[in-house]
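Just protein.tsv here, TSV, C-alpha atoms:
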```tsv
chain	number	residue	atom	x	y	z
A	1	MET	CA	61.44	99.76	71.15
A	2	GLY	CA	61.27	96.52	73.15
A	3	THR	CA	63.62	97.77	75.86
A	4	GLU	CA	62.63	97.33	79.50
A	5	ASN	CA	65.27	99.80	80.69
A	6	TRP	CA	62.63	102.42	81.45
A	7	ARG	CA	61.42	100.33	84.38
A	8	PRO	CA	62.57	101.03	87.95
A	9	THR	CA	65.12	98.65	89.50
A	10	ALA	CA	63.20	98.67	92.81
A	11	SER	CA	59.67	97.33	93.00
A	12	ILE	CA	56.89	99.80	93.78
A	13	GLU	CA	56.25	97.85	96.99
A	14	VAL	CA	59.87	98.37	98.10
A	15	LEU	CA	59.64	102.08	97.23
A	16	LYS	CA	56.56	102.35	99.47
A	17	GLN	CA	58.49	100.63	102.28
A	18	ARG	CA	61.41	102.99	101.64
A	19	ALA	CA	59.11	105.99	102.13
A	20	ILE	CA	57.88	104.55	105.45
A	21	VAL	CA	61.46	104.08	106.73
A	22	LEU	CA	62.40	107.66	105.74
A	23	GLN	CA	59.28	108.90	107.55
A	24	LYS	CA	60.36	106.98	110.68
A	25	ILE	CA	63.86	108.51	110.49
A	26	ARG	CA	62.39	112.03	110.29
A	27	GLN	CA	60.11	111.23	113.23
A	28	PHE	CA	63.12	109.99	115.22
A	29	PHE	CA	64.84	113.39	114.83
A	30	ALA	CA	61.65	115.41	115.34
A	31	GLU	CA	61.21	113.72	118.74
A	32	ARG	CA	64.78	114.67	119.65
A	33	ASP	CA	64.40	118.27	118.46
A	34	VAL	CA	67.09	117.97	115.77
A	35	LEU	CA	66.52	120.44	112.91
A	36	GLU	CA	66.28	119.19	109.32
A	37	VAL	CA	68.44	121.26	106.93
A	38	ASP	CA	69.19	121.38	103.23
A	39	THR	CA	72.61	122.40	101.85
A	40	PRO	CA	74.05	122.73	98.30
A	41	VAL	CA	74.91	119.63	96.31
A	42	LEU	CA	77.10	121.76	93.99
A	43	SER	CA	79.99	123.61	95.60
A	44	HIS	CA	83.17	125.47	94.57
A	45	ALA	CA	85.33	123.08	96.62
A	46	THR	CA	85.18	119.51	97.84
A	47	VAL	CA	87.00	116.84	99.85
A	48	THR	CA	90.76	116.53	99.41
A	49	ASP	CA	91.03	112.91	100.66
A	50	GLU	CA	92.96	110.95	98.03
A	51	HIS	CA	90.68	107.93	98.55
A	52	LEU	CA	87.55	109.90	97.57
A	53	HIS	CA	86.77	110.89	93.98
A	54	SER	CA	84.37	113.72	93.24
A	55	PHE	CA	82.39	114.47	90.10
A	56	SER	CA	82.90	117.97	88.69
A	57	THR	CA	81.00	120.06	86.21
A	58	GLN	CA	81.37	123.45	84.50
A	59	PHE	CA	79.12	126.38	85.41
A	60	LYS	CA	78.87	128.97	82.64
A	61	HIS	CA	77.72	132.15	84.37
A	62	PRO	CA	76.06	134.55	81.89
A	63	PHE	CA	78.10	137.52	83.17
A	64	SER	CA	81.47	135.81	83.52
A	65	PRO	CA	83.81	135.15	80.58
A	66	GLN	CA	85.21	132.04	82.24
A	67	ALA	CA	83.35	128.92	83.28
A	68	SER	CA	83.91	127.91	86.89
A	69	THR	CA	84.33	124.34	88.12
A	70	LEU	CA	81.74	123.09	90.59
A	71	TYR	CA	81.87	119.78	92.45
A	72	LEU	CA	79.08	117.39	93.36
A	73	GLN	CA	79.51	116.80	97.08
A	74	THR	CA	80.62	113.41	98.45
A	75	SER	CA	78.78	114.37	101.66
A	76	PRO	CA	77.12	117.54	103.04
A	77	GLU	CA	79.70	117.77	105.85
A	78	PHE	CA	81.42	121.08	105.13
A	79	ALA	CA	78.19	123.02	104.56
A	80	MET	CA	76.52	121.50	107.62
A	81	LYS	CA	79.50	122.46	109.78
A	82	ARG	CA	79.20	126.03	108.48
A	83	LEU	CA	75.60	126.01	109.75
A	84	LEU	CA	76.81	124.73	113.14
A	85	CYS	CA	79.34	127.59	113.27
A	86	ALA	CA	76.48	130.01	112.51
A	87	GLY	CA	74.57	128.75	115.57
A	88	SER	CA	72.13	126.21	114.10
A	89	GLY	CA	72.29	123.79	117.03
A	90	ALA	CA	71.68	120.06	116.41
A	91	ILE	CA	70.98	119.37	112.71
A	92	TYR	CA	70.39	116.49	110.30
A	93	GLN	CA	70.00	116.06	106.56
A	94	ILE	CA	68.82	113.30	104.22
A	95	CYS	CA	70.37	114.09	100.86
A	96	LYS	CA	71.89	112.84	97.63
A	97	SER	CA	75.67	112.49	97.68
A	98	PHE	CA	77.98	111.52	94.82
A	99	ARG	CA	81.20	109.54	94.46
A	100	ASN	CA	82.94	108.95	91.17
A	101	GLU	CA	83.82	105.40	92.08
A	102	GLU	CA	82.59	101.89	91.45
A	103	ALA	CA	79.00	100.81	90.96
A	104	GLY	CA	78.08	97.40	92.31
A	105	ARG	CA	76.22	95.42	94.90
A	106	PHE	CA	76.71	98.04	97.65
A	107	HIS	CA	77.63	101.09	95.54
A	108	ASN	CA	75.86	103.51	93.21
A	109	PRO	CA	77.67	106.71	92.13
A	110	GLU	CA	74.65	108.69	93.38
A	111	PHE	CA	73.34	107.61	96.78
A	112	THR	CA	71.34	108.82	99.78
A	113	LEU	CA	73.11	109.86	102.98
A	114	LEU	CA	71.73	110.64	106.40
A	115	GLU	CA	74.15	112.97	108.14
A	116	TRP	CA	73.68	114.52	111.56
A	117	TYR	CA	75.57	116.61	114.11
A	118	ARG	CA	75.12	116.86	117.85
A	119	PRO	CA	76.75	119.82	119.63
A	120	GLY	CA	77.86	118.81	123.12
A	121	PHE	CA	77.96	115.07	122.31
A	122	THR	CA	81.12	112.98	122.47
A	123	HIS	CA	81.49	110.35	119.74
A	124	LEU	CA	80.54	107.73	122.37
A	125	GLN	CA	77.21	109.49	123.10
A	126	LEU	CA	76.55	109.78	119.36
A	127	MET	CA	77.20	106.03	118.96
A	128	THR	CA	74.44	105.39	121.50
A	129	GLU	CA	72.01	107.53	119.49
A	130	ILE	CA	72.95	105.76	116.22
A	131	ASP	CA	72.35	102.48	118.04
A	132	GLU	CA	68.83	103.67	119.01
A	133	LEU	CA	68.11	104.59	115.38
A	134	MET	CA	69.34	101.17	114.18
A	135	GLN	CA	67.16	99.37	116.71
A	136	MET	CA	64.13	101.43	115.67
A	137	VAL	CA	64.61	100.85	111.92
A	138	LEU	CA	65.90	97.26	111.97
A	139	GLY	CA	64.63	95.83	115.24
A	140	CYS	CA	68.20	94.59	115.83
A	141	ASP	CA	70.09	93.98	119.08
A	142	ILE	CA	72.26	96.58	120.80
A	143	ALA	CA	75.52	97.08	118.88
A	144	GLU	CA	78.86	95.67	119.94
A	145	ARG	CA	81.79	98.11	120.41
A	146	VAL	CA	85.39	97.16	119.61
A	147	THR	CA	88.58	99.12	118.95
A	148	TYR	CA	90.25	99.11	115.53
A	149	GLN	CA	93.47	97.91	117.19
A	150	ASP	CA	91.84	94.95	118.98
A	151	ILE	CA	89.77	93.75	116.02
A	152	PHE	CA	92.75	94.06	113.62
A	153	LYS	CA	94.96	92.10	116.04
A	154	LEU	CA	92.26	89.46	116.53
A	155	HIS	CA	91.77	88.74	112.82
A	156	LEU	CA	95.21	89.57	111.40
A	157	GLY	CA	97.54	88.96	114.35
A	158	CYS	CA	99.32	92.30	114.03
A	159	CYS	CA	99.05	95.68	115.78
A	160	PRO	CA	98.03	98.27	113.15
A	161	LEU	CA	99.15	101.22	115.29
A	162	THR	CA	102.71	100.20	116.05
A	163	ALA	CA	103.57	97.96	113.06
A	164	SER	CA	106.03	99.46	110.57
A	165	LEU	CA	105.34	99.81	106.85
A	166	SER	CA	107.52	96.74	106.19
A	167	ASP	CA	105.56	94.72	108.80
A	168	ILE	CA	102.31	95.63	107.06
A	169	LYS	CA	103.81	94.81	103.64
A	170	THR	CA	104.88	91.37	104.93
A	171	LEU	CA	101.34	90.81	106.23
A	172	ALA	CA	99.83	91.93	102.90
A	173	ASN	CA	102.19	89.61	100.98
A	174	HIS	CA	101.00	86.73	103.18
A	175	TYR	CA	97.50	87.40	101.76
A	176	GLY	CA	98.79	87.51	98.19
A	177	TYR	CA	99.04	91.27	97.58
A	178	ASP	CA	102.68	91.11	96.40
A	179	GLU	CA	102.06	93.12	93.22
A	180	LEU	CA	100.48	95.95	95.18
A	181	THR	CA	103.07	96.04	97.97
A	182	ALA	CA	105.89	96.33	95.44
A	183	SER	CA	104.71	99.86	94.52
A	184	GLU	CA	102.58	100.99	97.50
A	185	ASN	CA	104.37	102.88	100.27
A	186	ASN	CA	101.39	104.34	102.08
A	187	LYS	CA	100.83	102.28	105.22
A	188	ASP	CA	97.21	103.48	105.52
A	189	THR	CA	96.29	102.36	101.99
A	190	LEU	CA	97.54	98.87	102.87
A	191	LEU	CA	95.78	98.92	106.27
A	192	MET	CA	92.53	99.94	104.57
A	193	LEU	CA	92.87	97.11	102.05
A	194	LEU	CA	93.59	94.49	104.73
A	195	PHE	CA	90.82	95.80	106.97
A	196	SER	CA	88.18	95.86	104.21
A	197	GLN	CA	89.09	92.41	102.83
A	198	HIS	CA	89.96	90.44	105.97
A	199	VAL	CA	88.33	92.16	108.96
A	200	GLU	CA	85.07	93.73	107.73
A	201	PRO	CA	83.59	90.44	106.47
A	202	GLN	CA	84.15	88.88	109.94
A	203	ILE	CA	82.42	91.51	112.09
A	204	GLY	CA	78.87	92.58	112.88
A	205	GLN	CA	77.23	89.44	111.55
A	206	ASP	CA	74.67	88.88	114.32
A	207	ARG	CA	74.36	92.42	115.62
A	208	PRO	CA	75.75	95.78	114.50
A	209	CYS	CA	79.37	96.46	115.43
A	210	PHE	CA	81.03	99.83	116.07
A	211	VAL	CA	84.76	99.87	115.35
A	212	MET	CA	86.28	102.86	117.15
A	213	ASP	CA	89.69	104.48	117.76
A	214	PHE	CA	90.92	104.41	114.16
A	215	PRO	CA	94.65	105.08	113.56
A	216	ALA	CA	95.47	108.80	113.97
A	217	SER	CA	96.77	108.84	110.37
A	218	GLN	CA	93.18	108.03	109.25
A	219	ALA	CA	91.61	110.79	111.38
A	220	ALA	CA	90.12	112.69	108.37
A	221	LEU	CA	87.96	115.27	110.22
A	222	ALA	CA	88.16	113.75	113.71
A	223	LYS	CA	89.98	114.88	116.83
A	224	ILE	CA	93.05	112.93	117.94
A	225	SER	CA	92.40	111.17	121.26
A	226	PRO	CA	93.61	113.25	124.24
A	227	THR	CA	94.73	110.02	125.98
A	228	ASP	CA	96.43	108.23	123.05
A	229	PRO	CA	98.12	110.17	120.24
A	230	LEU	CA	98.13	107.03	118.06
A	231	VAL	CA	94.33	107.02	117.67
A	232	ALA	CA	91.60	109.32	116.41
A	233	GLU	CA	88.15	109.74	117.94
A	234	ARG	CA	86.57	108.21	114.87
A	235	PHE	CA	84.29	105.21	114.46
A	236	GLU	CA	82.63	103.15	111.73
A	237	LEU	CA	79.54	101.00	111.99
A	238	TYR	CA	79.28	97.58	110.32
A	239	PHE	CA	76.40	95.15	110.03
A	240	LYS	CA	76.06	91.96	107.99
A	241	GLY	CA	79.16	92.60	105.88
A	242	MET	CA	78.38	96.26	105.10
A	243	GLU	CA	79.93	99.50	106.29
A	244	LEU	CA	76.93	101.64	107.25
A	245	ALA	CA	78.28	104.75	108.94
A	246	ASN	CA	81.40	106.81	109.57
A	247	GLY	CA	81.47	109.20	112.53
A	248	PHE	CA	83.77	111.60	114.32
A	249	HIS	CA	84.27	113.55	117.48
A	250	GLU	CA	84.66	116.54	115.19
A	251	LEU	CA	87.90	118.45	114.76
A	252	THR	CA	87.24	122.11	115.67
A	253	ASP	CA	90.78	123.40	115.10
A	254	GLY	CA	90.87	125.46	111.85
A	255	PRO	CA	94.68	125.61	111.36
A	256	GLU	CA	94.97	121.84	112.00
A	257	GLN	CA	92.16	121.11	109.52
A	258	LEU	CA	93.83	123.29	106.88
A	259	ARG	CA	97.12	121.46	107.49
A	260	ARG	CA	95.39	118.09	106.94
A	261	PHE	CA	93.79	119.31	103.69
A	262	GLU	CA	97.16	120.58	102.43
A	263	GLN	CA	98.73	117.23	103.38
A	264	ASP	CA	96.01	115.45	101.38
A	265	ASN	CA	96.79	117.60	98.34
A	266	THR	CA	100.51	116.78	98.64
A	267	LYS	CA	99.60	113.08	98.67
A	268	ARG	CA	97.39	113.66	95.61
A	269	GLN	CA	100.24	115.38	93.79
A	270	ASN	CA	102.57	112.47	94.59
A	271	LEU	CA	99.97	110.03	93.23
A	272	GLY	CA	99.52	112.04	90.03
A	273	LEU	CA	95.92	112.96	90.98
A	274	ASP	CA	94.34	116.38	90.46
A	275	MET	CA	94.83	118.87	93.29
A	276	ILE	CA	91.50	119.83	94.88
A	277	PRO	CA	90.64	123.43	95.81
A	278	ILE	CA	90.42	123.68	99.61
A	279	ASP	CA	87.04	124.86	100.91
A	280	LYS	CA	87.96	128.34	102.16
A	281	ASN	CA	84.45	129.03	103.47
A	282	PHE	CA	84.64	125.91	105.61
A	283	ILE	CA	88.07	126.85	106.99
A	284	ALA	CA	86.83	130.42	107.69
A	285	ALA	CA	83.84	128.97	109.56
A	286	LEU	CA	86.19	126.82	111.70
A	287	HIS	CA	88.26	129.92	112.48
A	288	PHE	CA	85.04	131.64	113.59
A	289	GLY	CA	84.32	128.66	115.81
A	290	LEU	CA	82.75	125.21	115.50
A	291	PRO	CA	81.02	124.18	118.74
A	292	ALA	CA	82.33	120.96	120.31
A	293	CYS	CA	80.25	118.30	118.60
A	294	SER	CA	80.10	114.83	117.11
A	295	GLY	CA	78.75	113.92	113.70
A	296	VAL	CA	78.04	110.90	111.53
A	297	ALA	CA	77.20	110.03	107.92
A	298	LEU	CA	75.03	106.93	107.47
A	299	GLY	CA	74.27	105.24	104.14
A	300	VAL	CA	70.47	105.23	103.83
A	301	ASP	CA	70.34	102.86	100.83
A	302	ARG	CA	72.44	100.27	102.69
A	303	LEU	CA	70.27	100.67	105.80
A	304	LEU	CA	67.24	100.04	103.58
A	305	MET	CA	68.87	96.93	102.11
A	306	LEU	CA	69.03	95.56	105.67
A	307	ALA	CA	65.55	96.78	106.65
A	308	LEU	CA	63.91	95.31	103.53
A	309	SER	CA	66.11	92.19	103.21
A	310	CYS	CA	67.43	93.18	99.75
A	311	SER	CA	70.79	91.80	98.65
A	312	GLU	CA	71.62	94.62	96.18
A	313	ILE	CA	71.52	98.39	96.39
A	314	ASN	CA	69.70	98.46	93.01
A	315	HIS	CA	66.68	96.84	94.66
A	316	VAL	CA	66.11	99.79	97.03
A	317	ILE	CA	66.66	102.73	94.63
A	318	ALA	CA	64.19	103.67	91.92
A	319	PHE	CA	66.66	103.81	89.02
A	320	GLU	CA	70.25	102.69	89.50
A	321	ASN	CA	72.99	104.29	87.46
A	322	SER	CA	72.69	102.24	84.26
A	323	ARG	CA	68.99	103.21	84.01
A	324	ALA	CA	69.29	106.78	85.27
```

Exercise: express the given structure as structure tokens:
Amino acid sequence: MGTENWRPTASIEVLKQRAIVLQKIRQFFAERDVLEVDTPVLSHATVTDEHLHSFSTQFKHPFSPQASTLYLQTSPEFAMKRLLCAGSGAIYQICKSFRNEEAGRFHNPEFTLLEWYRPGFTHLQLMTEIDELMQMVLGCDIAERVTYQDIFKLHLGCCPLTASLSDIKTLANHYGYDELTASENNKDTLLMLLFSQHVEPQIGQDRPCFVMDFPASQAALAKISPTDPLVAERFELYFKGMELANGFHELTDGPEQLRRFEQDNTKRQNLGLDMIPIDKNFIAALHFGLPACSGVALGVDRLLMLALSCSEINHVIAFENSRA
């Protein structure tokens, strides 16, 4: 045959190191009495966010004339929150997640996530715990904390919260995105582009950096700040040019969450994307009652890239997509 494609993309030595890091992570949570859980990868519903793309497959049940569509989960969030509603207490999971998006230096369509939830924690307390985990795994310094507004202003000279769509378009044109701004009327899409291209590469170079207080319009599953309606209690963690984690002071309001999902689907419709079935079990669980909590999803493969000084995600996973 002559092909070497059967070989793993990570060395066996790196895979041994990977196992040691995962063991350390499990030990970290065992010491803090956080329960390890396991939830379905295939579900009848998935995220509605227009910036996330799920894989779907057909399940042919032997006793049903019609095949049903199942989705590979982009994160275990909805199922884990159902466990919290059922009284699980603090929980974590290390699992495969899937996004039907690009593959590249930092991306593989199938990847490993560490997600955990802490009832009774604010997002600020959770950030401190993430910081402790980072220091344990990477031996890095204590993370810096900045607000989205301040860091955007610092690097782009414009306030992302109060600027109008036309202000943001002018700024984007200054960076050469004229073709995009001609057709794009979603301020958040433009903010995300500017942030990822012109802010992310500048932050968290020497030590990890938490960016908090994202615009309220990018709240996703986070609460809106009780002191400032323009921002959400959401944060992201960056280190050495990579986004590592996305966390929330979790939204516990069922009707508000449903409204956000429906809004997402309207945006999808306007963009000509498929509508996504809303997770009714998740909404029902929120109606029953989600305890006040904070949660975070952290990219394990990217954390391993940092821990093992690898420049590509392929070097820390056994078989990347092209060899899977």

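Once region 141-156 of chain A and its same-chain neighbours fewer than 4 positions away are set aside, Asp131, Gln135, Pro160, Leu161, Phe195, His198, Val199, Gly204, Arg207, Pro208, Cys209, Phe210, Val211, Met212, Asp213, Phe214 and Pro215 of chain A remain within 8 Å of it when counting only C-alpha atoms.
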
Find the axis-aligned box for region 289-295 of chain A, covering all its listed atoms and adding 6 Å on each side, and write its centre and edge lengths in Å to one decimal as AutoDock Vina command-line options.
```
--center_x 81.5 --center_y 121.3 --center_z 117.0 --size_x 17.6 --size_y 26.7 --size_z 18.6
```

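If only C-alpha atoms are the atoms counted, then among A:Leu271, A:Ile224, A:Leu194, A:Ala324 the closest residue to Gln257 (chain A) is A:Ile224.
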
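For Gln93 (chain A), the non-local neighbours within 8 Å, defined as residues at least 4 positions apart in the same chain or in other chains and counting only C-alpha atoms, are A:Glu36, A:Val37, A:Asp38, A:Leu113, A:Leu114, A:Glu115, A:Trp116.
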
Shell of 7 Å around Asn265 (chain A), all atoms listed in the file, local chain residues under 2 positions omitted, as a PyMOL selection string: chain A and resi 48+261-263+267-269+275-276

Enumerate, in order of chain and increasing residue number, the residues of region 270-306 of chain A with an atom no farther than 6 Å from region 77-87 of chain A, each with its shortest atom pair and distance in Å to one decimal, counting all atoms listed in the file, as CSV.
```
residue,atom,partner,partner_atom,distance
A:Phe282,CA,A:Phe78,CA,5.8
A:Ala285,CA,A:Arg82,CA,5.6
A:Gly289,CA,A:Cys85,CA,5.7
A:Leu290,CA,A:Cys85,CA,4.7
```

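Here CA of Leu308 (chain A) and CA of Phe29 (chain A) stand 21.3 Å from one another.
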
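Our summary of the geometry notes that CA of Tyr175 (chain A) is positioned 21.3 Å from CA of Met242 (chain A).
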
For Lys169 (chain A): contacts at 10 Å, all atoms listed in the file, fewer than 5 positions along chain excluded, given as a ChimeraX atom specification: /A:163-164,174-175,177-178,180-182,184-187,190-191

Nearby residues (all atoms listed in the file) at most 10 Å from Gln73 (chain A), same-chain spacing under 2 positions excluded, as a ChimeraX atom specification: /A:40-47,53-56,70-71,75-79,96-99

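The spacing separating CA of His51 (chain A) from CA of Leu193 (chain A) amounts to 11.6 Å.
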
Neighbours of point (89.6, 127.3, 106.7) within 10 Å, using only C-alpha atoms, written as a PyMOL selection string: chain A and resi 253-259+261+278-288

Keeping C-alpha atoms, export the residues of the selection given above as an mmCIF file, keeping the file's coordinate frame.
```
data_model
loop_
_atom_site.group_PDB
_atom_site.id
_atom_site.type_symbol
_atom_site.label_atom_id
_atom_site.label_comp_id
_atom_site.auth_asym_id
_atom_site.auth_seq_id
_atom_site.Cartn_x
_atom_site.Cartn_y
_atom_site.Cartn_z
ATOM 1 C CA ASP A 253 90.780 123.400 115.100
ATOM 2 C CA GLY A 254 90.870 125.460 111.850
ATOM 3 C CA PRO A 255 94.680 125.610 111.360
ATOM 4 C CA GLU A 256 94.970 121.840 112.000
ATOM 5 C CA GLN A 257 92.160 121.110 109.520
ATOM 6 C CA LEU A 258 93.830 123.290 106.880
ATOM 7 C CA ARG A 259 97.120 121.460 107.490
ATOM 8 C CA PHE A 261 93.790 119.310 103.690
ATOM 9 C CA ILE A 278 90.420 123.680 99.610
ATOM 10 C CA ASP A 279 87.040 124.860 100.910
ATOM 11 C CA LYS A 280 87.960 128.340 102.160
ATOM 12 C CA ASN A 281 84.450 129.030 103.470
ATOM 13 C CA PHE A 282 84.640 125.910 105.610
ATOM 14 C CA ILE A 283 88.070 126.850 106.990
ATOM 15 C CA ALA A 284 86.830 130.420 107.690
ATOM 16 C CA ALA A 285 83.840 128.970 109.560
ATOM 17 C CA LEU A 286 86.190 126.820 111.700
ATOM 18 C CA HIS A 287 88.260 129.920 112.480
ATOM 19 C CA PHE A 288 85.040 131.640 113.590
#
```

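The shortest atom-to-atom distance to Cys293 (chain A), with only C-alpha atoms taken into account, belongs to A:Arg118 out of A:Ala307, A:Val137, A:Gln125, A:Arg118.
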
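Remark: for Ala219 (chain A), the closest of the candidate residues A:Leu298, A:Leu251, A:Leu303, A:Leu15 is A:Leu251 (distances computed over all atoms listed in the file).
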
Residue with smallest distance to Pro277 (chain A) - pool A:Leu165, A:Thr122, A:Thr170, A:Thr69, counting all atoms listed in the file: A:Thr69

Option closest in space to Glu236 (chain A), from A:Val14, A:Cys140, A:Leu124, A:Leu304 [counting only C-alpha atoms]: A:Leu124
